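Structure data (CSV, C-alpha atoms) from input01.csv:
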chain,number,residue,atom,x,y,z
A,1,MET,CA,-17.3,-17.3,-49.2
A,2,PRO,CA,-17.0,-18.0,-53.0
A,3,GLY,CA,-15.9,-21.4,-54.2
A,4,THR,CA,-12.5,-21.8,-55.9
A,5,VAL,CA,-11.8,-22.9,-59.4
A,6,THR,CA,-8.4,-24.2,-60.6
A,7,MET,CA,-7.9,-24.9,-64.3
A,8,TYR,CA,-5.0,-27.1,-65.4
A,9,SER,CA,-4.1,-26.2,-69.0
A,10,THR,CA,-1.5,-25.8,-71.6
A,11,THR,CA,-0.7,-22.9,-73.9
A,12,TRP,CA,-1.7,-24.8,-77.1
A,13,CYS,CA,-5.1,-26.1,-75.8
A,14,GLY,CA,-8.1,-24.6,-77.7
A,15,TYR,CA,-10.6,-26.0,-75.3
A,16,CYS,CA,-8.7,-24.3,-72.4
A,17,ARG,CA,-8.9,-20.9,-74.2
A,18,ARG,CA,-12.6,-21.3,-74.8
A,19,LEU,CA,-13.4,-22.2,-71.2
A,20,LYS,CA,-11.2,-19.3,-70.0
A,21,SER,CA,-13.0,-16.8,-72.1
A,22,GLN,CA,-16.4,-18.1,-70.9
A,23,LEU,CA,-15.3,-17.9,-67.3
A,24,ASP,CA,-14.0,-14.4,-67.8
A,25,ARG,CA,-17.2,-13.3,-69.5
A,26,GLU,CA,-19.2,-14.7,-66.5
A,27,GLY,CA,-16.9,-13.0,-64.0
A,28,ILE,CA,-15.9,-16.4,-62.5
A,29,ALA,CA,-12.4,-16.1,-60.9
A,30,TYR,CA,-10.0,-19.0,-61.4
A,31,ASP,CA,-6.4,-19.9,-61.0
A,32,GLU,CA,-4.7,-21.3,-64.1
A,33,ILE,CA,-1.8,-23.8,-63.9
A,34,ASN,CA,0.2,-24.7,-67.0
A,35,ILE,CA,0.9,-28.4,-66.6
A,36,GLU,CA,3.9,-28.1,-69.0
A,37,HIS,CA,5.7,-26.0,-66.4
A,38,ASP,CA,4.5,-27.7,-63.2
A,39,PRO,CA,5.3,-31.5,-62.9
A,40,GLU,CA,3.3,-31.9,-59.7
A,41,SER,CA,0.1,-30.5,-61.4
A,42,ALA,CA,0.8,-32.7,-64.5
A,43,ALA,CA,0.9,-35.7,-62.2
A,44,PHE,CA,-2.5,-34.6,-60.7
A,45,VAL,CA,-4.0,-34.3,-64.1
A,46,GLU,CA,-2.7,-37.7,-65.1
A,47,LYS,CA,-4.1,-39.3,-62.0
A,48,ALA,CA,-7.5,-37.6,-62.6
A,49,ASN,CA,-7.6,-38.8,-66.2
A,50,GLY,CA,-6.5,-42.4,-66.2
A,51,GLY,CA,-2.8,-41.6,-66.9
A,52,ASN,CA,-3.5,-39.0,-69.6
A,53,GLN,CA,-2.6,-35.4,-69.5
A,54,THR,CA,-6.0,-34.3,-70.7
A,55,VAL,CA,-6.8,-30.5,-70.4
A,56,PRO,CA,-8.6,-28.6,-69.4
A,57,THR,CA,-8.9,-30.4,-66.1
A,58,VAL,CA,-10.8,-28.3,-63.7
A,59,ARG,CA,-10.8,-28.6,-59.9
A,60,VAL,CA,-13.7,-26.9,-58.1
A,61,VAL,CA,-14.1,-26.4,-54.3
A,62,PRO,CA,-17.8,-25.5,-53.9
A,63,THR,CA,-19.1,-22.4,-52.2
A,64,SER,CA,-20.5,-24.5,-49.4
A,65,GLY,CA,-17.0,-25.9,-48.6
A,66,GLY,CA,-18.3,-29.4,-49.7
A,67,ASN,CA,-16.2,-32.0,-51.5
A,68,GLU,CA,-14.1,-30.8,-54.3
A,69,VAL,CA,-15.2,-31.8,-57.9
A,70,VAL,CA,-12.7,-32.6,-60.6
A,71,MET,CA,-13.9,-32.4,-64.2
A,72,THR,CA,-12.3,-32.9,-67.6
A,73,ASN,CA,-13.2,-30.5,-70.3
A,74,PRO,CA,-16.3,-29.2,-68.5
A,75,SER,CA,-18.9,-26.9,-69.9
A,76,LEU,CA,-19.4,-23.5,-68.3
A,77,ALA,CA,-22.7,-24.8,-66.9
A,78,GLN,CA,-20.9,-27.7,-65.2
A,79,VAL,CA,-18.4,-25.4,-63.6
A,80,LYS,CA,-21.2,-23.1,-62.4
A,81,GLN,CA,-23.2,-26.1,-61.0
A,82,ALA,CA,-20.1,-27.4,-59.2
A,83,LEU,CA,-19.5,-23.9,-57.6
A,84,ALA,CA,-23.2,-23.8,-56.4
A,85,VAL,CA,-23.2,-27.1,-54.5

Can the structure in the file be given as structure tokens, please?
Amino acid sequence: MPGTVTMYSTTWCGYCRRLKSQLDREGIAYDEINIEHDPESAAFVEKANGGNQTVPTVRVVPTSGGNEVVMTNPSLAQVKQALAV
């Protein structure tokens, strides 16, 4: 079973656009949630980032079903590593 990737983003975030294009190029599926339209997700991002709405914040549940990993502005390599755990 593949791991799951959720990206919390905004429409104006250049770092989000870059990571999305990298994930698309690598064929890594992800769900994207715009925190400007989802208050619950915005609260999750704030909690993960010391009260800041920093995007992209990425939540990965690894292929092995291990503990989820939450990263702020990760590289493609970091996302791939988290998926492989």

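Distances to Asn49 in chain A were evaluated for A:Met71, A:Ala82, A:Ile35, A:Val61 using all atoms listed in the file, and the minimum falls at A:Met71.
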
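Relative to CA of Asn67 in chain A, CA of Leu23 in chain A is found at 21.2 Å.
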
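Among A:Val45, A:Met7, A:Leu19, A:Cys13, the residue with the shortest atom-to-atom distance to Asp31 in chain A, counting all atoms listed in the file, is A:Met7.
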
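For the set A:Ala77, A:Val55, A:Thr6, A:Arg25, the residue with the smallest atom-to-atom gap to Ala42 in chain A is A:Val55, counting all atoms listed in the file.
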
Please provide as a list of chain:residue names all residues within 12 Å of Thr11 in chain A, with the sequence filter that same-chain residues fewer than 6 positions apart are discarded (counting all atoms listed in the file). A:Arg17, A:Lys20, A:Glu32, A:Ile33, A:Asn34, A:Ile35, A:Glu36, A:His37, A:Val55, A:Pro56

The residue from A:Ser9, A:Thr57, A:Ser21, A:Ser64 with the smallest atom-to-atom distance to Asp38 in chain A, counting only C-alpha atoms, is A:Ser9

**Report entry** Among listed residues A:Gly66, A:Thr54, A:Leu76, A:Glu46, nearest Asp24 in chain A (using all atoms listed in the file)
**Finding:**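 So, comparing all the options, the nearest one is A:Leu76.
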
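Closest approach to Val5 in chain A among A:Ala48, A:Ala29, A:Gln53, A:Pro39: A:Ala29, based on only C-alpha atoms.
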
Grab the CA of Trp12 in chain A to CA of Pro74 in chain A distance for me, in Å with one decimal place.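 So the answer is 17.5 Å.
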
Write only C-alpha atoms for chain A from the block just shown, as a PDB file, in the first residue's frame.
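Once everything was written out, this is out00.pdb:
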ATOM      1  CA  MET A   1       0.000   0.000   0.000  1.00  0.00           C
ATOM      2  CA  PRO A   2       1.491   3.383  -0.949  1.00  0.00           C
ATOM      3  CA  GLY A   3       1.944   6.077   1.650  1.00  0.00           C
ATOM      4  CA  THR A   4      -0.173   9.212   1.589  1.00  0.00           C
ATOM      5  CA  VAL A   5       0.938  12.800   1.164  1.00  0.00           C
ATOM      6  CA  THR A   6      -1.156  15.826   2.110  1.00  0.00           C
ATOM      7  CA  MET A   7       0.126  19.279   1.214  1.00  0.00           C
ATOM      8  CA  TYR A   8      -1.279  22.305   3.010  1.00  0.00           C
ATOM      9  CA  SER A   9      -0.812  25.333   0.778  1.00  0.00           C
ATOM     10  CA  THR A  10      -2.132  28.660  -0.493  1.00  0.00           C
ATOM     11  CA  THR A  11      -2.677  29.877  -4.048  1.00  0.00           C
ATOM     12  CA  TRP A  12       0.033  32.552  -3.774  1.00  0.00           C
ATOM     13  CA  CYS A  13       2.819  30.320  -2.382  1.00  0.00           C
ATOM     14  CA  GLY A  14       5.733  29.907  -4.804  1.00  0.00           C
ATOM     15  CA  TYR A  15       7.336  27.193  -2.664  1.00  0.00           C
ATOM     16  CA  CYS A  16       4.065  25.248  -2.841  1.00  0.00           C
ATOM     17  CA  ARG A  17       3.961  25.505  -6.640  1.00  0.00           C
ATOM     18  CA  ARG A  18       7.561  24.318  -6.881  1.00  0.00           C
ATOM     19  CA  LEU A  19       7.006  21.287  -4.642  1.00  0.00           C
ATOM     20  CA  LYS A  20       3.769  20.395  -6.466  1.00  0.00           C
ATOM     21  CA  SER A  21       5.553  20.406  -9.832  1.00  0.00           C
ATOM     22  CA  GLN A  22       8.335  18.218  -8.406  1.00  0.00           C
ATOM     23  CA  LEU A  23       5.842  15.729  -6.962  1.00  0.00           C
ATOM     24  CA  ASP A  24       3.926  15.675 -10.252  1.00  0.00           C
ATOM     25  CA  ARG A  25       7.137  15.071 -12.226  1.00  0.00           C
ATOM     26  CA  GLU A  26       8.042  12.153  -9.914  1.00  0.00           C
ATOM     27  CA  GLY A  27       4.536  10.683 -10.117  1.00  0.00           C
ATOM     28  CA  ILE A  28       3.934  11.057  -6.372  1.00  0.00           C
ATOM     29  CA  ALA A  29       0.230  11.448  -5.624  1.00  0.00           C
ATOM     30  CA  TYR A  30      -0.839  14.005  -3.037  1.00  0.00           C
ATOM     31  CA  ASP A  31      -3.916  15.732  -1.714  1.00  0.00           C
ATOM     32  CA  GLU A  32      -3.738  19.507  -1.601  1.00  0.00           C
ATOM     33  CA  ILE A  33      -5.638  21.581   0.935  1.00  0.00           C
ATOM     34  CA  ASN A  34      -5.796  25.370   0.630  1.00  0.00           C
ATOM     35  CA  ILE A  35      -5.590  26.616   4.225  1.00  0.00           C
ATOM     36  CA  GLU A  36      -7.239  29.907   3.213  1.00  0.00           C
ATOM     37  CA  HIS A  37     -10.459  27.971   2.525  1.00  0.00           C
ATOM     38  CA  ASP A  38     -10.252  25.415   5.349  1.00  0.00           C
ATOM     39  CA  PRO A  39     -10.029  26.811   8.903  1.00  0.00           C
ATOM     40  CA  GLU A  40      -9.454  23.369  10.439  1.00  0.00           C
ATOM     41  CA  SER A  41      -6.430  22.797   8.197  1.00  0.00           C
ATOM     42  CA  ALA A  42      -5.150  26.310   8.908  1.00  0.00           C
ATOM     43  CA  ALA A  43      -5.285  25.480  12.629  1.00  0.00           C
ATOM     44  CA  PHE A  44      -3.329  22.246  11.995  1.00  0.00           C
ATOM     45  CA  VAL A  45      -0.642  24.195  10.092  1.00  0.00           C
ATOM     46  CA  GLU A  46      -0.426  26.781  12.880  1.00  0.00           C
ATOM     47  CA  LYS A  47      -0.033  24.049  15.507  1.00  0.00           C
ATOM     48  CA  ALA A  48       2.697  22.335  13.457  1.00  0.00           C
ATOM     49  CA  ASN A  49       4.584  25.622  12.952  1.00  0.00           C
ATOM     50  CA  GLY A  50       4.605  27.321  16.337  1.00  0.00           C
ATOM     51  CA  GLY A  51       1.528  29.463  15.644  1.00  0.00           C
ATOM     52  CA  ASN A  52       2.501  30.442  12.091  1.00  0.00           C
ATOM     53  CA  GLN A  53       0.625  29.586   8.905  1.00  0.00           C
ATOM     54  CA  THR A  54       3.787  28.462   7.104  1.00  0.00           C
ATOM     55  CA  VAL A  55       3.267  26.683   3.778  1.00  0.00           C
ATOM     56  CA  PRO A  56       3.887  24.287   2.302  1.00  0.00           C
ATOM     57  CA  THR A  57       3.361  22.118   5.329  1.00  0.00           C
ATOM     58  CA  VAL A  58       3.355  18.473   4.288  1.00  0.00           C
ATOM     59  CA  ARG A  59       1.930  15.506   6.203  1.00  0.00           C
ATOM     60  CA  VAL A  60       3.219  12.079   5.146  1.00  0.00           C
ATOM     61  CA  VAL A  61       1.902   8.728   6.327  1.00  0.00           C
ATOM     62  CA  PRO A  62       4.651   6.285   5.306  1.00  0.00           C
ATOM     63  CA  THR A  63       4.185   3.232   3.133  1.00  0.00           C
ATOM     64  CA  SER A  64       4.863   0.989   6.135  1.00  0.00           C
ATOM     65  CA  GLY A  65       1.946   2.540   7.998  1.00  0.00           C
ATOM     66  CA  GLY A  66       4.397   3.937  10.566  1.00  0.00           C
ATOM     67  CA  ASN A  67       4.095   7.244  12.354  1.00  0.00           C
ATOM     68  CA  GLU A  68       3.109  10.226  10.285  1.00  0.00           C
ATOM     69  CA  VAL A  69       5.729  12.849   9.512  1.00  0.00           C
ATOM     70  CA  VAL A  70       4.933  16.568   9.323  1.00  0.00           C
ATOM     71  CA  MET A  71       7.437  18.798   7.521  1.00  0.00           C
ATOM     72  CA  THR A  72       7.564  22.494   6.694  1.00  0.00           C
ATOM     73  CA  ASN A  73       8.758  23.418   3.206  1.00  0.00           C
ATOM     74  CA  PRO A  74      10.384  20.023   2.618  1.00  0.00           C
ATOM     75  CA  SER A  75      12.520  19.110  -0.349  1.00  0.00           C
ATOM     76  CA  LEU A  76      11.390  16.426  -2.778  1.00  0.00           C
ATOM     77  CA  ALA A  77      14.052  14.132  -1.301  1.00  0.00           C
ATOM     78  CA  GLN A  78      12.636  14.616   2.204  1.00  0.00           C
ATOM     79  CA  VAL A  79       9.126  13.709   1.035  1.00  0.00           C
ATOM     80  CA  LYS A  80      10.412  10.607  -0.760  1.00  0.00           C
ATOM     81  CA  GLN A  81      12.396   9.574   2.314  1.00  0.00           C
ATOM     82  CA  ALA A  82       9.357   9.993   4.579  1.00  0.00           C
ATOM     83  CA  LEU A  83       7.242   7.865   2.211  1.00  0.00           C
ATOM     84  CA  ALA A  84       9.829   5.072   2.225  1.00  0.00           C
ATOM     85  CA  VAL A  85      10.003   4.653   6.009  1.00  0.00           C
TER      86      VAL A  85
END
